[in-house]
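Text of start22.tsv, listed as TSV, C-alpha atoms:
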chain	number	residue	atom	x	y	z
A	5	MET	CA	13.25	6.01	-76.25
A	6	THR	CA	11.42	8.82	-74.51
A	7	LEU	CA	9.38	11.96	-74.88
A	8	ARG	CA	11.55	14.80	-73.69
A	9	ALA	CA	11.98	18.54	-73.63
A	10	ASP	CA	15.41	20.13	-73.42
A	11	GLN	CA	15.96	23.71	-72.23
A	12	LEU	CA	12.62	25.05	-73.45
A	13	THR	CA	11.89	28.77	-73.37
A	14	LEU	CA	8.43	29.68	-74.64
A	15	SER	CA	6.39	32.90	-74.62
A	16	LEU	CA	2.70	33.36	-75.37
A	17	ILE	CA	3.23	37.13	-75.41
A	18	PRO	CA	6.53	38.39	-76.90
A	19	GLY	CA	9.05	39.18	-74.19
A	20	GLN	CA	7.06	37.47	-71.43
A	21	PRO	CA	8.28	33.86	-71.10
A	22	VAL	CA	5.81	31.33	-69.69
A	23	LEU	CA	8.50	28.64	-69.66
A	24	THR	CA	12.18	29.36	-69.02
A	25	ASP	CA	14.94	26.78	-69.55
A	26	VAL	CA	12.63	23.84	-68.81
A	27	SER	CA	13.89	20.28	-69.28
A	28	ILE	CA	11.80	17.19	-68.58
A	29	ARG	CA	11.75	13.53	-69.57
A	30	VAL	CA	8.61	11.38	-69.72
A	31	THR	CA	9.74	7.81	-69.16
A	32	PRO	CA	7.93	4.74	-70.52
A	33	GLY	CA	6.35	2.71	-67.73
A	34	LYS	CA	6.29	5.62	-65.27
A	35	VAL	CA	3.58	8.00	-64.04
A	36	THR	CA	4.90	11.54	-63.66
A	37	ALA	CA	2.74	14.14	-61.89
A	38	LEU	CA	3.19	17.78	-62.83
A	39	VAL	CA	2.21	20.03	-59.91
A	40	GLY	CA	2.35	23.72	-59.06
A	41	GLN	CA	0.17	26.72	-58.46
A	42	ASN	CA	-2.10	28.16	-61.15
A	43	GLY	CA	-0.04	30.03	-63.74
A	44	ALA	CA	3.12	28.00	-63.10
A	45	GLY	CA	3.30	26.92	-66.77
A	46	LYS	CA	2.05	23.34	-66.47
A	47	SER	CA	-0.51	23.40	-69.29
A	48	THR	CA	1.87	25.33	-71.53
A	49	LEU	CA	4.51	22.65	-71.00
A	50	LEU	CA	2.05	19.94	-72.00
A	51	LYS	CA	1.18	21.88	-75.16
A	52	ALA	CA	4.87	22.20	-76.01
A	53	LEU	CA	5.43	18.47	-75.45
A	54	SER	CA	2.50	17.61	-77.71
A	55	GLY	CA	3.73	19.91	-80.49
A	56	GLU	CA	0.79	22.30	-80.18
A	57	LEU	CA	3.13	25.15	-79.20
A	58	THR	CA	6.62	25.80	-80.58
A	59	PRO	CA	9.29	27.14	-78.19
A	60	GLU	CA	11.62	30.01	-79.05
A	61	GLN	CA	14.53	28.04	-77.63
A	62	GLY	CA	15.14	24.38	-76.89
A	63	LYS	CA	13.62	21.31	-78.46
A	64	VAL	CA	11.04	18.57	-77.92
A	65	THR	CA	11.81	15.07	-79.18
A	66	LEU	CA	9.70	11.93	-79.43
A	67	HIS	CA	11.82	8.78	-79.71
A	68	ASP	CA	14.86	10.97	-80.46
A	69	LYS	CA	13.11	12.66	-83.40
A	70	PRO	CA	12.00	16.32	-83.25
A	71	ILE	CA	8.29	16.44	-82.45
A	72	HIS	CA	7.43	18.53	-85.53
A	73	ASP	CA	9.25	16.11	-87.84
A	74	TRP	CA	6.62	13.44	-87.19
A	75	GLU	CA	3.72	13.18	-89.64
A	76	GLY	CA	0.43	13.96	-87.88
A	77	GLN	CA	-1.05	10.46	-87.88
A	78	ASP	CA	2.26	8.80	-87.00
A	79	ARG	CA	2.65	11.12	-84.02
A	80	ALA	CA	-0.98	10.51	-83.00
A	81	ARG	CA	-0.37	6.76	-82.88
A	82	LEU	CA	2.36	7.33	-80.30
A	83	LEU	CA	1.20	10.40	-78.38
A	84	SER	CA	-2.28	11.00	-77.00
A	85	VAL	CA	-3.37	14.20	-75.24
A	86	LEU	CA	-6.31	14.99	-72.96
A	87	PRO	CA	-6.61	18.80	-72.80
A	88	GLN	CA	-8.57	20.80	-70.24
A	89	GLN	CA	-11.21	21.82	-72.80
A	90	HIS	CA	-12.98	19.56	-75.31
A	91	ALA	CA	-14.87	20.90	-78.33
A	92	LEU	CA	-17.29	18.73	-80.30
A	93	ASN	CA	-19.46	20.41	-82.90
A	94	PHE	CA	-21.69	17.42	-83.60
A	95	GLU	CA	-24.04	15.38	-81.44
A	96	PHE	CA	-21.93	12.21	-81.30
A	97	ARG	CA	-22.86	9.13	-79.38
A	98	VAL	CA	-20.46	8.18	-76.59
A	99	GLU	CA	-19.22	5.16	-78.55
A	100	GLU	CA	-18.53	7.35	-81.57
A	101	VAL	CA	-16.46	9.80	-79.51
A	102	VAL	CA	-14.27	7.00	-78.16
A	103	THR	CA	-13.93	5.57	-81.68
A	104	LEU	CA	-12.33	8.86	-82.77
A	105	GLY	CA	-9.27	7.75	-80.81
A	106	ARG	CA	-8.76	4.92	-83.29
A	107	TYR	CA	-8.66	7.24	-86.33
A	108	PRO	CA	-4.81	7.27	-86.68
A	109	HIS	CA	-4.68	3.47	-86.74
A	110	GLY	CA	-5.26	1.03	-89.57
A	111	THR	CA	-6.23	-1.91	-87.39
A	112	GLY	CA	-9.63	-2.55	-88.99
A	113	HIS	CA	-13.23	-2.22	-87.86
A	114	GLN	CA	-13.43	-5.36	-85.73
A	115	ARG	CA	-10.23	-4.68	-83.77
A	116	ASP	CA	-11.14	-1.03	-83.28
A	117	LYS	CA	-14.62	-2.01	-82.07
A	118	GLN	CA	-13.10	-4.38	-79.49
A	119	ILE	CA	-10.66	-1.73	-78.23
A	120	VAL	CA	-13.47	0.84	-77.92
A	121	LYS	CA	-15.55	-1.67	-75.97
A	122	GLU	CA	-12.67	-2.34	-73.57
A	123	ALA	CA	-11.90	1.38	-73.16
A	124	LEU	CA	-15.54	2.11	-72.35
A	125	ALA	CA	-15.55	-0.66	-69.75
A	126	LEU	CA	-12.29	0.54	-68.20
A	127	CYS	CA	-13.81	4.02	-67.74
A	128	ASP	CA	-17.13	2.67	-66.41
A	129	LEU	CA	-19.05	3.85	-69.48
A	130	SER	CA	-20.44	0.69	-71.05
A	131	GLN	CA	-23.98	1.61	-70.06
A	132	PHE	CA	-23.65	5.00	-71.80
A	133	SER	CA	-22.25	3.79	-75.13
A	134	GLN	CA	-25.33	4.67	-77.18
A	135	ARG	CA	-26.16	7.91	-75.35
A	136	SER	CA	-25.54	11.31	-76.93
A	137	ILE	CA	-22.47	13.07	-75.55
A	138	ASP	CA	-24.78	16.06	-74.92
A	139	ASP	CA	-27.10	14.02	-72.69
A	140	ILE	CA	-24.65	13.02	-70.00
A	141	SER	CA	-23.09	14.93	-67.09
A	142	GLY	CA	-19.83	16.88	-67.20
A	143	GLY	CA	-18.01	14.22	-65.19
A	144	GLU	CA	-19.29	11.50	-67.51
A	145	ARG	CA	-18.12	13.48	-70.54
A	146	GLN	CA	-14.68	13.76	-68.95
A	147	ARG	CA	-14.57	9.98	-68.66
A	148	VAL	CA	-15.65	9.65	-72.32
A	149	HIS	CA	-12.72	11.77	-73.44
A	150	LEU	CA	-10.41	9.79	-71.18
A	151	ALA	CA	-11.62	6.59	-72.84
A	152	ARG	CA	-10.97	8.23	-76.23
A	153	VAL	CA	-7.34	9.08	-75.50
A	154	LEU	CA	-6.74	5.65	-73.94
A	155	ALA	CA	-8.15	3.97	-77.05
A	156	GLN	CA	-5.70	6.04	-79.09
A	157	ILE	CA	-2.63	4.53	-77.42
A	158	TRP	CA	-4.12	1.14	-76.54
A	159	GLU	CA	-1.42	-0.89	-78.29
A	160	THR	CA	2.37	-0.61	-78.45
A	161	GLN	CA	3.59	0.67	-81.82
A	162	PRO	CA	6.55	-0.56	-83.91
A	163	GLU	CA	8.39	2.75	-83.35
A	164	GLY	CA	8.40	2.20	-79.57
A	165	PRO	CA	6.37	2.94	-76.43
A	166	CYS	CA	3.40	5.33	-76.43
A	167	PHE	CA	2.91	8.44	-74.30
A	168	LEU	CA	-0.14	9.96	-72.63
A	169	LEU	CA	-0.44	13.62	-71.59
A	170	LEU	CA	-3.36	14.48	-69.29
A	171	ASP	CA	-4.18	18.06	-68.29
A	172	GLU	CA	-6.20	18.08	-65.04
A	173	PRO	CA	-7.96	14.80	-65.88
A	174	THR	CA	-9.85	14.62	-62.55
A	175	THR	CA	-11.87	17.78	-63.29
A	176	GLY	CA	-15.54	17.03	-62.69
A	177	LEU	CA	-14.94	13.50	-61.41
A	178	ASP	CA	-16.34	12.24	-58.11
A	179	LEU	CA	-14.02	10.56	-55.63
A	180	SER	CA	-14.62	7.00	-56.82
A	181	HIS	CA	-13.94	7.90	-60.44
A	182	GLN	CA	-10.84	9.88	-59.49
A	183	GLN	CA	-9.47	6.71	-57.93
A	184	ALA	CA	-10.56	4.68	-60.97
A	185	LEU	CA	-8.80	7.14	-63.30
A	186	PHE	CA	-5.50	6.82	-61.49
A	187	LYS	CA	-5.79	3.04	-61.40
A	188	ALA	CA	-6.36	3.09	-65.18
A	189	VAL	CA	-3.29	5.32	-65.54
A	190	GLN	CA	-1.22	2.87	-63.50
A	191	TYR	CA	-2.54	-0.01	-65.62
A	192	PHE	CA	-1.25	1.69	-68.78
A	193	ALA	CA	2.07	2.49	-67.12
A	194	ARG	CA	2.51	-1.23	-66.46
A	195	ARG	CA	2.11	-1.67	-70.22
A	196	GLU	CA	5.13	0.64	-70.73
A	197	VAL	CA	3.15	3.76	-71.60
A	198	GLY	CA	4.86	6.94	-70.39
A	199	ILE	CA	2.38	9.20	-68.60
A	200	LEU	CA	2.58	12.87	-67.63
A	201	LEU	CA	-0.43	14.41	-65.93
A	202	VAL	CA	-1.21	17.79	-64.43
A	203	VAL	CA	-2.84	17.30	-61.05
A	204	HIS	CA	-3.81	19.74	-58.30
A	205	ASP	CA	-4.55	17.19	-55.56
A	206	LEU	CA	-1.12	16.60	-54.08
A	207	ASN	CA	-2.27	13.55	-52.15
A	208	LEU	CA	-3.42	11.86	-55.35
A	209	ALA	CA	-0.03	12.66	-56.86
A	210	ALA	CA	1.73	11.33	-53.76
A	211	ARG	CA	-0.17	8.05	-53.86
A	212	TYR	CA	-0.15	7.23	-57.57
A	213	ALA	CA	2.84	8.95	-59.21
A	214	ASP	CA	6.28	7.43	-59.57
A	215	GLN	CA	7.84	10.86	-60.14
A	216	VAL	CA	6.74	14.40	-59.30
A	217	VAL	CA	7.79	17.57	-61.12
A	218	LEU	CA	7.09	20.84	-59.29
A	219	MET	CA	6.82	24.02	-61.37
A	220	HIS	CA	6.87	27.62	-60.18
A	221	GLN	CA	6.65	30.72	-62.39
A	222	GLY	CA	7.73	28.89	-65.54
A	223	HIS	CA	10.62	26.99	-63.97
A	224	ILE	CA	11.03	23.45	-62.70
A	225	VAL	CA	12.06	23.93	-59.08
A	226	ALA	CA	12.00	20.34	-57.82
A	227	GLN	CA	11.67	16.85	-59.26
A	228	GLY	CA	12.05	13.36	-57.89
A	229	THR	CA	9.99	10.77	-56.07
A	230	PRO	CA	6.93	11.92	-54.07
A	231	ASP	CA	8.98	11.53	-50.87
A	232	GLN	CA	11.73	13.74	-52.28
A	233	VAL	CA	9.50	16.52	-53.60
A	234	PHE	CA	6.71	16.59	-51.01
A	235	GLN	CA	8.69	18.06	-48.14
A	236	ALA	CA	6.88	20.46	-45.82
A	237	ASP	CA	9.30	23.34	-46.35
A	238	THR	CA	9.19	22.92	-50.14
A	239	LEU	CA	5.41	22.93	-50.23
A	240	GLN	CA	5.17	25.93	-47.93
A	241	ARG	CA	7.63	27.86	-50.08
A	242	TYR	CA	5.99	27.18	-53.46
A	243	PHE	CA	2.32	26.85	-52.47
A	244	ASP	CA	2.32	29.53	-49.75
A	245	LEU	CA	0.65	27.07	-47.40
A	246	ALA	CA	1.78	25.61	-44.10
A	247	VAL	CA	1.46	21.81	-44.16
A	248	THR	CA	2.38	18.75	-42.17
A	249	VAL	CA	3.77	15.80	-44.14
A	250	GLN	CA	3.59	12.35	-42.58
A	251	ARG	CA	3.41	8.74	-43.73
A	252	HIS	CA	0.08	7.58	-45.05
A	253	PRO	CA	-1.47	5.13	-42.57
A	254	ARG	CA	-2.38	2.59	-45.31
A	255	HIS	CA	-0.15	3.30	-48.31
A	256	ASP	CA	3.60	3.69	-48.69
A	257	CYS	CA	3.52	7.36	-49.62
A	258	PRO	CA	3.48	10.83	-48.04
A	259	LEU	CA	0.25	12.24	-46.63
A	260	ILE	CA	-0.02	16.03	-46.88
A	261	ILE	CA	-2.21	17.77	-44.29
A	262	PRO	CA	-2.78	21.55	-44.39
A	263	ASP	CA	-2.09	23.11	-40.98
Show me this structure written as structure tokens.
Amino acid sequence: MTLRADQLTLSLIPGQPVLTDVSIRVTPGKVTALVGQNGAGKSTLLKALSGELTPEQGKVTLHDKPIHDWEGQDRARLLSVLPQQHALNFEFRVEEVVTLGRYPHGTGHQRDKQIVKEALALCDLSQFSQRSIDDISGGERQRVHLARVLAQIWETQPEGPCFLLLDEPTTGLDLSHQQALFKAVQYFARREVGILLVVHDLNLAARYADQVVLMHQGHIVAQGTPDQVFQADTLQRYFDLAVTVQRHPRHDCPLIIPD
């Protein structure tokens, strides 16, 4: 029971593929980091996996069912997405924004209120719950939207495990909240949520991801564990940057140092 893409080819402009023959599997209980230079196709792949974009070739399936065959609310109970851009046209309070994540569920006011409270606490937002979303910083707003998408997939569903897609979730976050975000992601992975996130900081990916998928010009060019993907020659080839890769002095993961 997975979220997967098989042999996707997708163009945003006719005749100019952004993704070419891309296959990927998001596994429940695992954190997968999607890395690559700007323009590699990472965000487009997330949009295809969420059903926002439809490929010309290939297919996306959620629990072995084509992604577009799911009813909207049923899909939303299983699949939560944090995009790069967030648009809110009303002056919601922080608590109200996070509560939007509970909209697909029929769990009742009291249960939803408890989940929202826990999601706010997990994202270090309890003190902001009654503030307007317009009256907090950009980094704080990013954490609000993270709490919203976590609240959306807070509980396992009868159809199977849930999935979380995060597109550059550390944007605007300070160092301590970057670490807190990845620890929250790992916490949900331990609850059998399958997680795919776009991340530019390779050392964060090396430390926290179980699997790494490297994209280049619309293709997947390497995938495996951080140790398998984060080789100096691979990084130099696809990031055009000379690096040294050594063991992290405190954690069992690679440490990438630009030369």
Do a neighbour search on stretch 222-234 of chain A at 6 Å with all atoms listed in the file, toss out local chain neighbours closer than 6 positions, and write the hits as a CSV table (one decimal) with C-alpha atoms, in the frame of the given file.
chain,number,residue,atom,x,y,z
A,22,VAL,CA,5.8,31.3,-69.7
A,23,LEU,CA,8.5,28.6,-69.7
A,24,THR,CA,12.2,29.4,-69.0
A,44,ALA,CA,3.1,28.0,-63.1
A,45,GLY,CA,3.3,26.9,-66.8
A,210,ALA,CA,1.7,11.3,-53.8
A,215,GLN,CA,7.8,10.9,-60.1
A,216,VAL,CA,6.7,14.4,-59.3
(request) For A:Ala209, please output as an MDAnalysis selection string all residues within 12 Å (counting all atoms listed in the file; exclusion window: fewer than 6 positions along the same chain). (result) chainID A and resid 35:40 172 174 182:183 186 189:190 200:203 215:218 229:231 233:234 257:260
(message) Would you pick out the contacts of stretch 116-132 of chain A at 10 Å or less, using only C-alpha atoms, so that residues sharing its chain but fewer than 5 positions from it are not included, and give the list as a PyMOL selection string?
(response) chain A and resi 97-107+109-111+137+139-140+144-156+158-159+181+184-185+187-188
(request) May I ask for the distance between atom CA of A:Asn207 and atom CA of A:Val249, given in Å to one decimal place? (result)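 Going from atom CA of A:Asn207 over to atom CA of A:Val249, I get 10.3 Å.
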(request) Provide the atom CA of A:Leu12 to atom CA of A:Pro59 distance in Å, to one decimal place. (result)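 Computing it gives 6.2 Å between the two atoms.
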Could you put an axis-aligned box around every listed atom of stretch 18-35 of chain A, padded by 5 Å on each side, and send me its centre and edge lengths in Å to one decimal, as AutoDock Vina command-line options?
--center_x 9.3 --center_y 20.9 --center_z -70.5 --size_x 21.4 --size_y 46.5 --size_z 22.9
